[in-house]
Amino acid sequence: MRPEPHVDPALYRQVVGRFATGVAVVTTVADGADHAMTVNAFTSVSLDPLLVLFCAEKISRFHEFVLDSGLWAVSVLAEEMRDASNWFATRGRVLDGQLDDWPHTRGPITGAPVFTAAVAALECRTHAVHDGGDHSIVVGEVLNLDIPDPSGKPLIFYDGTYRSLA
């Protein structure tokens, strides 16, 4: 018989927060409107085929939009994009014009917004979706790559706060 875990959720957040991550915004177009969400659960999965993943909270509005669309882009944020990270992590923000303050272009394959100040960008098509508890693990096939700002430095999140590379 396996013992039941007794893990304090607050301690869990503190412990996993000790893993430094980059910060990205995933975007999609659904029903003719742009949608975006900040993520730090983003990673490369496979080189053959080229796959990446991000995790989307099931109760978020973005979850439904990105699954319905099936096409999305990832903009890896530069350190000067802290405000964008915070904005796209804000629950209940107005959706109409939510990207107006953030210079972006349209991905040539997906049409999803890609931030011009991003340090890296990927366009993807949903390859698989897996249950991940209160999140869905969205695996995407990489369709296009770009480095919008080659001189940019990535925004880092560690121990509950933003950091910069030394």
# chains A, B, ... in the order shown; residues from 1 in each chain; ligands from 1
>>> residues_around(residues="region 49-63 of chain A", least_positions_apart="3", cutoff="8 Å", atoms="only C-alpha atoms", output="count of residues only")
23
>>> closest_atom_pairs(of="region 1-101 of chain A", to="region 150-165 of chain A", cutoff="12 Å", atoms="only C-alpha atoms", output="JSON lines")
{"residue": "A:Leu11", "atom": "CA", "partner": "A:Asp159", "partner_atom": "CA", "distance": 11.9}
{"residue": "A:Tyr12", "atom": "CA", "partner": "A:Asp159", "partner_atom": "CA", "distance": 11.9}
{"residue": "A:Arg13", "atom": "CA", "partner": "A:Gly160", "partner_atom": "CA", "distance": 9.1}
{"residue": "A:Gln14", "atom": "CA", "partner": "A:Asp159", "partner_atom": "CA", "distance": 7.0}
{"residue": "A:Val15", "atom": "CA", "partner": "A:Asp159", "partner_atom": "CA", "distance": 8.4}
{"residue": "A:Val16", "atom": "CA", "partner": "A:Asp159", "partner_atom": "CA", "distance": 8.4}
{"residue": "A:Gly17", "atom": "CA", "partner": "A:Asp159", "partner_atom": "CA", "distance": 4.8}
{"residue": "A:Arg18", "atom": "CA", "partner": "A:Asp159", "partner_atom": "CA", "distance": 5.1}
{"residue": "A:Phe19", "atom": "CA", "partner": "A:Tyr158", "partner_atom": "CA", "distance": 6.4}
{"residue": "A:Ala20", "atom": "CA", "partner": "A:Tyr158", "partner_atom": "CA", "distance": 4.6}
{"residue": "A:Thr21", "atom": "CA", "partner": "A:Phe157", "partner_atom": "CA", "distance": 5.4}
{"residue": "A:Gly22", "atom": "CA", "partner": "A:Ile156", "partner_atom": "CA", "distance": 4.7}
{"residue": "A:Val23", "atom": "CA", "partner": "A:Leu155", "partner_atom": "CA", "distance": 5.9}
{"residue": "A:Ala24", "atom": "CA", "partner": "A:Leu155", "partner_atom": "CA", "distance": 8.5}
{"residue": "A:Val25", "atom": "CA", "partner": "A:Leu155", "partner_atom": "CA", "distance": 11.4}
{"residue": "A:Thr38", "atom": "CA", "partner": "A:Phe157", "partner_atom": "CA", "distance": 11.8}
{"residue": "A:Val39", "atom": "CA", "partner": "A:Phe157", "partner_atom": "CA", "distance": 10.6}
{"residue": "A:Asn40", "atom": "CA", "partner": "A:Phe157", "partner_atom": "CA", "distance": 7.9}
{"residue": "A:Ala41", "atom": "CA", "partner": "A:Phe157", "partner_atom": "CA", "distance": 11.0}
{"residue": "A:Ser75", "atom": "CA", "partner": "A:Pro154", "partner_atom": "CA", "distance": 10.7}
{"residue": "A:Val76", "atom": "CA", "partner": "A:Pro154", "partner_atom": "CA", "distance": 7.2}
{"residue": "A:Leu77", "atom": "CA", "partner": "A:Leu155", "partner_atom": "CA", "distance": 5.7}
{"residue": "A:Ala78", "atom": "CA", "partner": "A:Pro154", "partner_atom": "CA", "distance": 4.3}
{"residue": "A:Glu79", "atom": "CA", "partner": "A:Leu155", "partner_atom": "CA", "distance": 3.9}
{"residue": "A:Glu80", "atom": "CA", "partner": "A:Leu155", "partner_atom": "CA", "distance": 7.4}
{"residue": "A:Met81", "atom": "CA", "partner": "A:Leu155", "partner_atom": "CA", "distance": 7.3}
{"residue": "A:Arg82", "atom": "CA", "partner": "A:Leu155", "partner_atom": "CA", "distance": 7.3}
{"residue": "A:Asp83", "atom": "CA", "partner": "A:Tyr162", "partner_atom": "CA", "distance": 10.8}
{"residue": "A:Ala84", "atom": "CA", "partner": "A:Leu155", "partner_atom": "CA", "distance": 10.9}
{"residue": "A:Ser85", "atom": "CA", "partner": "A:Leu155", "partner_atom": "CA", "distance": 9.2}
{"residue": "A:Asn86", "atom": "CA", "partner": "A:Tyr162", "partner_atom": "CA", "distance": 10.4}
>>> residues_around(residues="His104 (chain A)", least_positions_apart="4", cutoff="12 Å", atoms="only C-alpha atoms", output="ChimeraX atom specification")
/A:25,27,34,73,75,84,98-100,111-118,121,148-149
>>> select_by_dssp(residues="chain A", states="strand (DSSP E)", output="PyMOL selection string")
chain A and resi 21-22+24-30+33-39+42-47+50-57+71-76+104-106+113-115+120-132+135-146+156-158+161-163
>>> closest_residue(among="A:Asn144, A:Leu95, A:Arg2, A:Ala30", to="Ala120 (chain A)", atoms="only C-alpha atoms")
A:Asn144
>>> atom_distance(atom1="CA of Val94 (chain A)", atom2="CA of Val26 (chain A)")
16.9 Å
>>> select_by_dssp(residues="chain A", states="helix (DSSP H, G or I)", output="list in words")
Pro9, Ala10, Leu11, Tyr12, Arg13, Gln14, Val15, Val16, Arg61, Phe62, His63, Glu64, Phe65, Val66, Leu67, Asp68, Ser69, Glu79, Glu80, Met81, Arg82, Asp83, Ala84, Ser85, Asn86, Trp87 and Phe88 of chain A
>>> atom_distance(atom1="CA of Pro9 (chain A)", atom2="CA of Arg93 (chain A)")
26.6 Å
>>> atom_distance(atom1="CA of Thr110 (chain A)", atom2="CA of Gly133 (chain A)")
28.1 Å
